[in-house]
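Student: For reference, the file query31.txt (compact mmCIF, C-alpha atoms and all ligand atoms) is included below:
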```txt
# COMPACT_ATOMS: atom_id res chain seq x y z
CA MET A 1 88.90 -50.71 22.08
CA TYR A 2 89.47 -54.02 23.84
CA THR A 3 86.75 -55.68 21.78
CA GLN A 4 88.38 -59.12 22.00
CA LEU A 5 88.19 -59.01 25.80
CA GLN A 6 84.65 -57.68 25.83
CA LEU A 7 83.45 -60.40 23.46
CA ARG A 8 85.34 -63.32 24.98
CA ASP A 9 82.71 -64.06 27.62
CA SER A 10 79.73 -63.13 25.49
CA ALA A 11 77.11 -65.72 24.52
CA ARG A 12 78.53 -65.78 20.98
CA PRO A 13 82.29 -65.38 21.28
CA PRO A 14 83.97 -64.94 17.89
CA VAL A 15 85.45 -68.13 16.40
CA ASN A 16 89.24 -68.29 16.29
CA VAL A 17 92.02 -70.78 15.55
CA ALA A 18 91.99 -72.08 19.13
CA SER A 19 88.22 -72.65 19.22
CA LEU A 20 88.39 -74.46 15.85
CA ARG A 21 91.11 -76.74 17.20
CA LYS A 22 88.96 -77.40 20.28
CA MET A 23 86.01 -78.30 18.07
CA LYS A 24 88.17 -80.91 16.34
CA GLU A 25 89.31 -82.33 19.69
CA GLN A 26 85.72 -82.54 20.91
CA GLY A 27 84.43 -84.08 17.67
CA GLU A 28 82.17 -81.09 16.95
CA LYS A 29 81.74 -80.53 13.22
CA ILE A 30 82.87 -77.15 11.82
CA SER A 31 80.50 -75.45 9.37
CA CYS A 32 82.11 -73.28 6.68
CA ILE A 33 80.82 -71.48 3.61
CA THR A 34 82.08 -69.06 1.00
CA CYS A 35 80.75 -65.51 0.90
CA TYR A 36 81.39 -62.43 -1.22
CA ASP A 37 79.32 -59.53 0.15
CA ALA A 38 78.12 -57.89 3.36
CA SER A 39 74.42 -58.81 3.08
CA TYR A 40 75.00 -62.55 2.71
CA ALA A 41 77.77 -62.31 5.35
CA ALA A 42 75.21 -61.01 7.86
CA LEU A 43 72.88 -63.92 7.03
CA VAL A 44 75.71 -66.45 7.32
CA ASP A 45 76.57 -65.02 10.74
CA ALA A 46 72.93 -65.10 11.85
CA ALA A 47 72.73 -68.75 10.68
CA GLY A 48 75.52 -69.71 13.08
CA ILE A 49 78.12 -70.77 10.48
CA ASP A 50 81.62 -71.00 12.02
CA VAL A 51 84.01 -70.07 9.19
CA VAL A 52 83.58 -67.85 6.13
CA LEU A 53 85.88 -68.00 3.12
CA VAL A 54 86.18 -65.20 0.60
CA GLY A 55 87.12 -67.71 -2.04
CA ASP A 56 88.65 -67.07 -5.42
CA SER A 57 85.60 -69.05 -6.60
CA LEU A 58 84.31 -65.47 -6.90
CA GLY A 59 85.99 -65.53 -10.31
CA MET A 60 83.49 -68.18 -11.39
CA VAL A 61 80.29 -67.39 -9.47
CA ILE A 62 80.55 -63.56 -9.38
CA GLN A 63 82.66 -62.70 -12.41
CA GLY A 64 81.49 -65.51 -14.69
CA HIS A 65 84.89 -66.94 -15.63
CA ASP A 66 85.44 -70.66 -16.31
CA THR A 67 88.20 -70.91 -13.71
CA THR A 68 89.62 -69.03 -10.72
CA VAL A 69 92.80 -68.14 -12.60
CA PRO A 70 91.80 -64.55 -13.63
CA VAL A 71 91.05 -63.49 -10.03
CA THR A 72 93.37 -60.78 -8.66
CA LEU A 73 94.43 -59.84 -5.16
CA GLU A 74 92.49 -56.57 -5.54
CA ASN A 75 89.32 -58.59 -6.32
CA VAL A 76 89.67 -60.66 -3.14
CA ILE A 77 90.48 -57.60 -1.01
CA TYR A 78 87.40 -55.80 -2.37
CA HIS A 79 85.04 -58.69 -1.53
CA CYS A 80 86.78 -59.45 1.76
CA LYS A 81 86.27 -55.86 2.95
CA ALA A 82 82.57 -56.14 2.23
CA VAL A 83 82.22 -59.54 3.92
CA ALA A 84 84.15 -58.37 7.01
CA LYS A 85 81.57 -55.59 7.47
CA GLY A 86 78.74 -58.13 7.74
CA LEU A 87 80.43 -60.54 10.14
CA TYR A 88 80.73 -60.68 13.90
CA ARG A 89 81.13 -64.30 15.09
CA PRO A 90 82.49 -66.36 12.13
CA PHE A 91 86.21 -66.68 11.47
CA LEU A 92 87.11 -64.92 8.21
CA MET A 93 89.50 -66.57 5.78
CA ALA A 94 90.57 -65.19 2.38
CA ASP A 95 92.04 -66.90 -0.65
CA MET A 96 95.42 -65.92 -1.99
CA PRO A 97 94.74 -65.81 -5.76
CA PHE A 98 96.75 -67.47 -8.54
CA MET A 99 100.41 -66.38 -8.62
CA THR A 100 100.20 -64.14 -5.55
CA TYR A 101 102.43 -66.42 -3.45
CA THR A 102 105.29 -67.42 -5.73
CA SER A 103 108.00 -66.32 -3.28
CA ARG A 104 108.14 -65.95 0.48
CA GLU A 105 108.33 -62.16 0.30
CA GLN A 106 105.50 -61.83 -2.22
CA ALA A 107 103.31 -64.18 -0.15
CA LEU A 108 103.97 -62.22 3.04
CA GLN A 109 103.28 -58.86 1.41
CA ASN A 110 100.00 -60.11 -0.10
CA ALA A 111 98.85 -61.93 3.04
CA VAL A 112 99.40 -58.72 4.98
CA ARG A 113 97.22 -56.84 2.48
CA LEU A 114 94.44 -59.41 2.81
CA MET A 115 94.55 -58.98 6.57
CA GLN A 116 95.10 -55.22 6.88
CA GLU A 117 92.96 -54.04 3.95
CA GLY A 118 90.53 -56.95 3.63
CA GLY A 119 90.05 -57.78 7.29
CA ALA A 120 90.91 -61.49 6.86
CA LYS A 121 92.09 -63.45 9.88
CA MET A 122 93.54 -66.35 7.90
CA VAL A 123 94.83 -66.76 4.36
CA LYS A 124 94.37 -69.86 2.21
CA LEU A 125 96.75 -71.03 -0.46
CA GLU A 126 96.74 -74.02 -2.79
CA GLY A 127 99.51 -76.55 -3.10
CA GLY A 128 101.37 -79.46 -1.61
CA ALA A 129 104.94 -79.97 -0.44
CA GLY A 130 106.13 -77.21 -2.78
CA GLN A 131 104.30 -74.63 -0.64
CA ALA A 132 105.73 -75.79 2.71
CA GLU A 133 108.43 -73.12 2.65
CA ILE A 134 105.85 -70.37 2.03
CA VAL A 135 103.55 -71.72 4.76
CA GLU A 136 106.47 -71.86 7.18
CA PHE A 137 107.47 -68.27 6.36
CA LEU A 138 103.93 -66.94 6.85
CA ALA A 139 103.53 -68.95 10.07
CA SER A 140 106.86 -67.62 11.35
CA HIS A 141 105.30 -64.15 10.98
CA ASP A 142 102.25 -65.34 12.97
CA ILE A 143 99.94 -65.37 9.99
CA ALA A 144 97.24 -68.05 10.22
CA VAL A 145 97.28 -70.26 7.13
CA CYS A 146 94.95 -72.79 5.53
CA ALA A 147 96.59 -75.21 3.05
CA HIS A 148 94.31 -76.37 0.21
CA LEU A 149 95.02 -79.88 -1.14
CA GLY A 150 93.28 -82.32 -3.49
CA LEU A 151 91.60 -80.62 -6.41
CA ARG A 152 93.40 -77.30 -6.71
CA PRO A 153 91.34 -75.04 -9.01
CA GLN A 154 94.26 -72.66 -9.66
CA SER A 155 96.14 -75.59 -11.26
CA VAL A 156 93.44 -77.02 -13.52
CA HIS A 157 95.23 -76.05 -16.73
CA LYS A 158 98.24 -78.07 -15.57
CA THR A 159 96.45 -80.99 -13.92
CA GLY A 160 93.79 -81.49 -16.58
CA GLY A 161 90.51 -80.19 -15.21
CA PHE A 162 88.12 -80.39 -12.30
CA ARG A 163 88.55 -84.05 -11.30
CA VAL A 164 88.67 -86.14 -8.16
CA GLN A 165 92.24 -86.34 -6.85
CA GLY A 166 94.03 -89.07 -4.88
CA ARG A 167 92.20 -92.07 -6.31
CA GLU A 168 95.44 -93.97 -7.06
CA GLU A 169 97.47 -95.29 -4.16
CA ALA A 170 100.61 -93.29 -4.99
CA ALA A 171 98.67 -90.02 -5.29
CA ALA A 172 96.82 -90.71 -2.04
CA GLU A 173 100.08 -91.44 -0.23
CA GLN A 174 101.60 -88.23 -1.61
CA MET A 175 98.62 -86.22 -0.39
CA ARG A 176 98.89 -87.74 3.11
CA GLN A 177 102.57 -86.81 3.25
CA ASP A 178 101.90 -83.30 1.92
CA ALA A 179 99.15 -82.72 4.49
CA LYS A 180 101.45 -83.73 7.34
CA LEU A 181 104.30 -81.63 5.95
CA LEU A 182 102.08 -78.54 5.63
CA GLN A 183 100.74 -79.02 9.16
CA ASP A 184 104.30 -79.32 10.47
CA ALA A 185 105.25 -76.20 8.48
CA GLY A 186 102.62 -74.28 10.44
CA ALA A 187 99.30 -74.62 8.59
CA ASP A 188 96.40 -74.16 11.04
CA ILE A 189 93.77 -75.74 8.78
CA VAL A 190 94.04 -78.20 5.90
CA LEU A 191 91.30 -78.06 3.27
CA LEU A 192 90.67 -81.11 1.07
CA GLU A 193 88.74 -80.71 -2.17
CA CYS A 194 87.33 -83.63 -4.18
CA VAL A 195 89.11 -86.64 -2.73
CA PRO A 196 87.79 -90.14 -1.98
CA SER A 197 86.03 -90.33 1.40
CA ALA A 198 88.49 -92.95 2.69
CA LEU A 199 91.40 -90.59 2.03
CA GLY A 200 89.56 -87.66 3.65
CA LYS A 201 88.98 -89.82 6.72
CA ARG A 202 92.60 -91.01 6.90
CA ILE A 203 94.15 -87.53 6.56
CA THR A 204 91.70 -86.14 9.14
CA SER A 205 92.69 -88.81 11.66
CA GLU A 206 96.40 -88.25 11.05
CA LEU A 207 96.43 -84.46 11.59
CA HIS A 208 95.97 -82.50 14.80
CA VAL A 209 94.82 -79.37 12.95
CA PRO A 210 91.21 -79.23 11.67
CA VAL A 211 90.60 -80.67 8.21
CA ILE A 212 87.76 -79.07 6.25
CA GLY A 213 86.35 -80.97 3.28
CA ILE A 214 84.48 -80.15 0.10
CA GLY A 215 83.67 -83.40 -1.67
CA ALA A 216 86.01 -85.18 0.76
CA GLY A 217 83.47 -87.38 2.54
CA PRO A 218 81.65 -87.26 5.86
CA ASP A 219 84.62 -87.79 8.18
CA THR A 220 86.54 -84.53 7.83
CA ASP A 221 86.33 -82.16 10.82
CA GLY A 222 84.15 -79.74 8.89
CA GLN A 223 82.49 -79.04 5.55
CA ILE A 224 82.59 -76.08 3.20
CA LEU A 225 80.40 -75.24 0.21
CA VAL A 226 80.04 -72.28 -2.15
CA ILE A 227 77.15 -70.16 -0.83
CA TYR A 228 75.42 -69.89 -4.22
CA ASP A 229 75.40 -73.70 -4.48
CA VAL A 230 73.84 -73.99 -1.02
CA LEU A 231 71.18 -71.44 -2.03
CA ASP A 232 70.71 -72.93 -5.51
CA VAL A 233 71.63 -69.65 -7.19
CA THR A 234 74.40 -71.09 -9.40
CA PRO A 235 72.89 -72.01 -12.78
CA GLY A 236 73.47 -75.30 -14.61
CA ARG A 237 75.08 -78.56 -13.62
CA LYS A 238 76.65 -78.64 -10.17
CA PRO A 239 79.43 -80.78 -8.71
CA ARG A 240 78.33 -84.08 -7.14
CA PHE A 241 79.04 -82.88 -3.58
CA VAL A 242 76.57 -79.97 -3.80
CA GLN A 243 73.26 -80.06 -1.93
CA ASN A 244 70.53 -77.52 -2.57
CA PHE A 245 69.51 -76.37 0.93
CA GLN A 246 67.09 -73.76 -0.41
CA GLN A 247 64.73 -76.58 -1.35
CA GLY A 248 62.05 -76.82 1.34
CA HIS A 249 63.04 -73.51 2.96
CA ASP A 250 61.32 -70.20 2.40
CA SER A 251 64.25 -67.83 2.92
CA PRO A 252 68.04 -67.73 2.37
CA LEU A 253 68.50 -67.52 6.17
CA ALA A 254 66.45 -70.70 6.72
CA ALA A 255 68.48 -72.47 4.00
CA LEU A 256 71.78 -71.39 5.58
CA GLU A 257 70.56 -72.53 9.01
CA ALA A 258 69.60 -75.90 7.50
CA TYR A 259 73.08 -76.22 5.99
CA GLY A 260 74.80 -75.47 9.32
CA LYS A 261 72.55 -77.94 11.12
CA ALA A 262 73.14 -80.67 8.51
CA VAL A 263 76.91 -80.26 8.89
CA ARG A 264 76.66 -80.38 12.70
CA ASP A 265 74.34 -83.39 12.82
CA LYS A 266 76.36 -85.11 10.05
CA SER A 267 73.39 -85.56 7.73
CA TYR A 268 75.43 -83.66 5.11
CA PRO A 269 77.31 -84.97 3.21
CA ALA A 270 75.22 -88.05 2.42
CA PRO A 271 76.65 -90.99 0.42
CA GLU A 272 75.43 -89.49 -2.87
CA HIS A 273 77.67 -86.43 -2.28
CA CYS A 274 80.84 -88.49 -1.80
CA PHE A 275 83.50 -90.11 -3.97
O1 LIG B 301 87.52 -70.57 -3.73
C1 LIG B 301 86.75 -71.28 -3.07
O2 LIG B 301 85.57 -71.02 -2.94
C2 LIG B 301 87.29 -72.47 -2.45
C3 LIG B 301 86.30 -73.42 -1.86
C4 LIG B 301 85.59 -74.13 -2.91
C5 LIG B 301 86.92 -74.34 -0.88
O3 LIG B 301 88.47 -72.67 -2.42
```
Output the structure of this file as structure tokens.
Tutor:
Amino acid sequence: MYTQLQLRDSARPPVNVASLRKMKEQGEKISCITCYDASYAALVDAAGIDVVLVGDSLGMVIQGHDTTVPVTLENVIYHCKAVAKGLYRPFLMADMPFMTYTSREQALQNAVRLMQEGGAKMVKLEGGAGQAEIVEFLASHDIAVCAHLGLRPQSVHKTGGFRVQGREEAAAEQMRQDAKLLQDAGADIVLLECVPSALGKRITSELHVPVIGIGAGPDTDGQILVIYDVLDVTPGRKPRFVQNFQQGHDSPLAALEAYGKAVRDKSYPAPEHCF
């Protein structure tokens, strides 16, 4: 079926890499959220969220691990398949788990599985300059890639925990260079996690691809949060950048709509969510 053609002129055309780039150019904020199953995916779609990530955060919020390290490719494919079933308009991105992109060939093979079996339209991988070769290889095979910089949860055992990154001048400069390098290698989105707002703003202004932030301040092109944090399902202490959107709303759909609206009208993130 020529679904793409049929949907292109519909009132709710599906989001794609080109429309995300246009949103950046027009200064329209991009709303993103993680999701792990078909029911929440349908709500996220109904709430008008632009991008959905099947994140390896599933290792923590679904499987109950302390980190994302135990998550496998099969786990992400399983959840991605379910999420894809619930989505129509949002752009679907899937995480490449720990150690599934250690060589160009391995990365290509696994990205293809996420797309063909999982239904993902973009893959996300963590890392700086060291991943440029992998990003370039995937991009040369026309695979859409998101490069995740700043706090990289797959590396916490090496970097020393879940901490704000890029506070020192040298680290901030390195991250700026890495972001540019990854964009030039073919990354279509750069995601910044837990960085000072000033650095989030600077990197966003220096790149032509959309920059999505989580704890990266108000000036990135878009925001992403873990869905269970938005809905206040995650128990215990939450990261500083989290806002409970369920508060004051009587359904998960209303909370998701409030999140999307707050991203678009820039009321989220507020100063108390930033570093
Ligand atoms: O795995 C994940 O959910 C993520 C987001 C927190 C950005 O990478």
Student: Determine, counting only C-alpha atoms, which protein, DNA and RNA residues have an atom within 12 Å of an atom of A:Gln116; residues of the same chain fewer than 5 positions away are not included. Present the result as a PDB file with C-alpha atoms, in the coordinates of the input.
Tutor:
```pdb
ATOM      1  CA  ILE A  77      90.480 -57.600  -1.010  1.00  0.00           C
ATOM      2  CA  CYS A  80      86.780 -59.450   1.760  1.00  0.00           C
ATOM      3  CA  LYS A  81      86.270 -55.860   2.950  1.00  0.00           C
ATOM      4  CA  ALA A  84      84.150 -58.370   7.010  1.00  0.00           C
ATOM      5  CA  ALA A  94      90.570 -65.190   2.380  1.00  0.00           C
ATOM      6  CA  LEU A 108     103.970 -62.220   3.040  1.00  0.00           C
ATOM      7  CA  GLN A 109     103.280 -58.860   1.410  1.00  0.00           C
ATOM      8  CA  ASN A 110     100.000 -60.110  -0.100  1.00  0.00           C
ATOM      9  CA  ALA A 111      98.850 -61.930   3.040  1.00  0.00           C
ATOM     10  CA  LYS A 121      92.090 -63.450   9.880  1.00  0.00           C
ATOM     11  CA  MET A 122      93.540 -66.350   7.900  1.00  0.00           C
ATOM     12  CA  VAL A 123      94.830 -66.760   4.360  1.00  0.00           C
ATOM     13  CA  ILE A 143      99.940 -65.370   9.990  1.00  0.00           C
TER      14      ILE A 143
END
```
Student: Please provide the set of residues having any atom within 9 Å of stretch 192-198 of chain A, restricted to all atoms listed in the file, with same-chain residues fewer than 2 positions apart removed, written as a ChimeraX atom specification.
Tutor: /A:147-152,162-167,172,190,200-203,211-220,241,274-275
Student: Compare A:Leu125, A:Val230, A:Leu43, A:Ala120 by their minimum atom-to-atom distance to ligand LIG 301 (chain B), counting only C-alpha atoms and all ligand atoms, and give me the closest one.
Tutor: A:Leu125
Student: Could you tell me which of A:Asp95, A:Asp9, A:Asp178, A:Asp50 comes closest to ligand LIG 301 (chain B) if we count only C-alpha atoms and all ligand atoms?
Tutor: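 Among the listed residues, the smallest separation from ligand LIG 301 (chain B) belongs to A:Asp95.
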Student: Considering only C-alpha atoms and all ligand atoms, tabulate each residue of chain A that lies at most 7 Å from ligand LIG 301 (chain B) along with its nearest interatomic pair and the corresponding distance in Å to one decimal; arrange the rows by chain and ascending residue number and present them as a tab-separated table.
Tutor:
```
residue	atom	partner	partner_atom	distance
A:Thr34	CA	B:LIG301	O2	5.6
A:Leu53	CA	B:LIG301	O2	6.8
A:Val54	CA	B:LIG301	O2	6.8
A:Gly55	CA	B:LIG301	O1	3.3
A:Asp56	CA	B:LIG301	O1	4.0
A:Ser57	CA	B:LIG301	O1	3.8
A:Leu58	CA	B:LIG301	O1	6.8
A:Asp95	CA	B:LIG301	O1	6.6
A:Glu193	CA	B:LIG301	C5	6.7
A:Ile214	CA	B:LIG301	C5	6.4
A:Ile224	CA	B:LIG301	C5	6.2
A:Leu225	CA	B:LIG301	C4	6.2
A:Val226	CA	B:LIG301	O2	5.7
```
Student: Can you spit out the residues from that selection as a short mmCIF file (atom, residue, chain, number, x, y, z; two decimals), in the frame of the given file, using C-alpha atoms?
Tutor:
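As a result, again35.cif now contains:
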```cif
data_model
loop_
_atom_site.label_atom_id
_atom_site.label_comp_id
_atom_site.auth_asym_id
_atom_site.auth_seq_id
_atom_site.Cartn_x
_atom_site.Cartn_y
_atom_site.Cartn_z
CA THR A 34 82.08 -69.06 1.00
CA LEU A 53 85.88 -68.00 3.12
CA VAL A 54 86.18 -65.20 0.60
CA GLY A 55 87.12 -67.71 -2.04
CA ASP A 56 88.65 -67.07 -5.42
CA SER A 57 85.60 -69.05 -6.60
CA LEU A 58 84.31 -65.47 -6.90
CA ASP A 95 92.04 -66.90 -0.65
CA GLU A 193 88.74 -80.71 -2.17
CA ILE A 214 84.48 -80.15 0.10
CA ILE A 224 82.59 -76.08 3.20
CA LEU A 225 80.40 -75.24 0.21
CA VAL A 226 80.04 -72.28 -2.15
#
```
Student: Would you fill out stretch 148-172 of chain A with N, CA and C atoms and return it as a PDB file, in the frame of the given file?
Tutor:
```pdb
ATOM      1  N   HIS A 148      95.372 -75.762   1.029  1.00  0.00           N
ATOM      2  CA  HIS A 148      94.310 -76.370   0.210  1.00  0.00           C
ATOM      3  C   HIS A 148      94.924 -77.479  -0.654  1.00  0.00           C
ATOM      4  N   LEU A 149      94.501 -78.718  -0.402  1.00  0.00           N
ATOM      5  CA  LEU A 149      95.020 -79.880  -1.140  1.00  0.00           C
ATOM      6  C   LEU A 149      93.889 -80.593  -1.879  1.00  0.00           C
ATOM      7  N   GLY A 150      94.273 -81.583  -2.699  1.00  0.00           N
ATOM      8  CA  GLY A 150      93.280 -82.320  -3.490  1.00  0.00           C
ATOM      9  C   GLY A 150      93.082 -81.605  -4.810  1.00  0.00           C
ATOM     10  N   LEU A 151      91.842 -81.398  -5.199  1.00  0.00           N
ATOM     11  CA  LEU A 151      91.600 -80.620  -6.410  1.00  0.00           C
ATOM     12  C   LEU A 151      91.982 -79.179  -6.130  1.00  0.00           C
ATOM     13  N   ARG A 152      92.929 -78.672  -6.917  1.00  0.00           N
ATOM     14  CA  ARG A 152      93.400 -77.300  -6.710  1.00  0.00           C
ATOM     15  C   ARG A 152      92.985 -76.497  -7.944  1.00  0.00           C
ATOM     16  N   PRO A 153      91.892 -75.708  -7.819  1.00  0.00           N
ATOM     17  CA  PRO A 153      91.340 -75.040  -9.010  1.00  0.00           C
ATOM     18  C   PRO A 153      92.331 -74.112  -9.719  1.00  0.00           C
ATOM     19  N   GLN A 154      93.303 -73.552  -8.994  1.00  0.00           N
ATOM     20  CA  GLN A 154      94.260 -72.660  -9.660  1.00  0.00           C
ATOM     21  C   GLN A 154      95.189 -73.435 -10.606  1.00  0.00           C
ATOM     22  N   SER A 155      95.216 -74.775 -10.468  1.00  0.00           N
ATOM     23  CA  SER A 155      96.140 -75.590 -11.260  1.00  0.00           C
ATOM     24  C   SER A 155      95.448 -76.400 -12.346  1.00  0.00           C
ATOM     25  N   VAL A 156      94.171 -76.123 -12.613  1.00  0.00           N
ATOM     26  CA  VAL A 156      93.440 -77.020 -13.520  1.00  0.00           C
ATOM     27  C   VAL A 156      94.028 -77.083 -14.924  1.00  0.00           C
ATOM     28  N   HIS A 157      94.660 -76.006 -15.375  1.00  0.00           N
ATOM     29  CA  HIS A 157      95.230 -76.050 -16.730  1.00  0.00           C
ATOM     30  C   HIS A 157      96.441 -76.969 -16.785  1.00  0.00           C
ATOM     31  N   LYS A 158      97.066 -77.192 -15.637  1.00  0.00           N
ATOM     32  CA  LYS A 158      98.240 -78.070 -15.570  1.00  0.00           C
ATOM     33  C   LYS A 158      97.825 -79.510 -15.255  1.00  0.00           C
ATOM     34  N   THR A 159      96.809 -79.643 -14.383  1.00  0.00           N
ATOM     35  CA  THR A 159      96.450 -80.990 -13.920  1.00  0.00           C
ATOM     36  C   THR A 159      95.380 -81.657 -14.792  1.00  0.00           C
ATOM     37  N   GLY A 160      94.719 -80.862 -15.631  1.00  0.00           N
ATOM     38  CA  GLY A 160      93.790 -81.490 -16.580  1.00  0.00           C
ATOM     39  C   GLY A 160      92.324 -81.413 -16.203  1.00  0.00           C
ATOM     40  N   GLY A 161      91.945 -80.425 -15.427  1.00  0.00           N
ATOM     41  CA  GLY A 161      90.510 -80.190 -15.210  1.00  0.00           C
ATOM     42  C   GLY A 161      90.049 -80.460 -13.803  1.00  0.00           C
ATOM     43  N   PHE A 162      88.743 -80.254 -13.618  1.00  0.00           N
ATOM     44  CA  PHE A 162      88.120 -80.390 -12.300  1.00  0.00           C
ATOM     45  C   PHE A 162      87.781 -81.863 -12.068  1.00  0.00           C
ATOM     46  N   ARG A 163      88.718 -82.604 -11.493  1.00  0.00           N
ATOM     47  CA  ARG A 163      88.550 -84.050 -11.300  1.00  0.00           C
ATOM     48  C   ARG A 163      88.904 -84.457  -9.886  1.00  0.00           C
ATOM     49  N   VAL A 164      88.341 -85.592  -9.482  1.00  0.00           N
ATOM     50  CA  VAL A 164      88.670 -86.140  -8.160  1.00  0.00           C
ATOM     51  C   VAL A 164      90.165 -86.455  -8.122  1.00  0.00           C
ATOM     52  N   GLN A 165      90.794 -86.125  -7.006  1.00  0.00           N
ATOM     53  CA  GLN A 165      92.240 -86.340  -6.850  1.00  0.00           C
ATOM     54  C   GLN A 165      92.491 -87.412  -5.784  1.00  0.00           C
ATOM     55  N   GLY A 166      93.620 -88.110  -5.920  1.00  0.00           N
ATOM     56  CA  GLY A 166      94.030 -89.070  -4.880  1.00  0.00           C
ATOM     57  C   GLY A 166      93.325 -90.401  -4.961  1.00  0.00           C
ATOM     58  N   ARG A 167      92.866 -90.767  -6.151  1.00  0.00           N
ATOM     59  CA  ARG A 167      92.200 -92.070  -6.310  1.00  0.00           C
ATOM     60  C   ARG A 167      93.247 -93.192  -6.325  1.00  0.00           C
ATOM     61  N   GLU A 168      94.405 -92.926  -6.981  1.00  0.00           N
ATOM     62  CA  GLU A 168      95.440 -93.970  -7.060  1.00  0.00           C
ATOM     63  C   GLU A 168      96.227 -93.966  -5.769  1.00  0.00           C
ATOM     64  N   GLU A 169      96.779 -95.133  -5.442  1.00  0.00           N
ATOM     65  CA  GLU A 169      97.470 -95.290  -4.160  1.00  0.00           C
ATOM     66  C   GLU A 169      98.643 -94.312  -4.006  1.00  0.00           C
ATOM     67  N   ALA A 170      99.421 -94.151  -5.087  1.00  0.00           N
ATOM     68  CA  ALA A 170     100.610 -93.290  -4.990  1.00  0.00           C
ATOM     69  C   ALA A 170     100.185 -91.828  -4.747  1.00  0.00           C
ATOM     70  N   ALA A 171      99.139 -91.407  -5.434  1.00  0.00           N
ATOM     71  CA  ALA A 171      98.670 -90.020  -5.290  1.00  0.00           C
ATOM     72  C   ALA A 171      98.092 -89.801  -3.888  1.00  0.00           C
ATOM     73  N   ALA A 172      97.404 -90.822  -3.380  1.00  0.00           N
ATOM     74  CA  ALA A 172      96.820 -90.710  -2.040  1.00  0.00           C
ATOM     75  C   ALA A 172      97.933 -90.619  -0.990  1.00  0.00           C
TER      76      ALA A 172
END
```
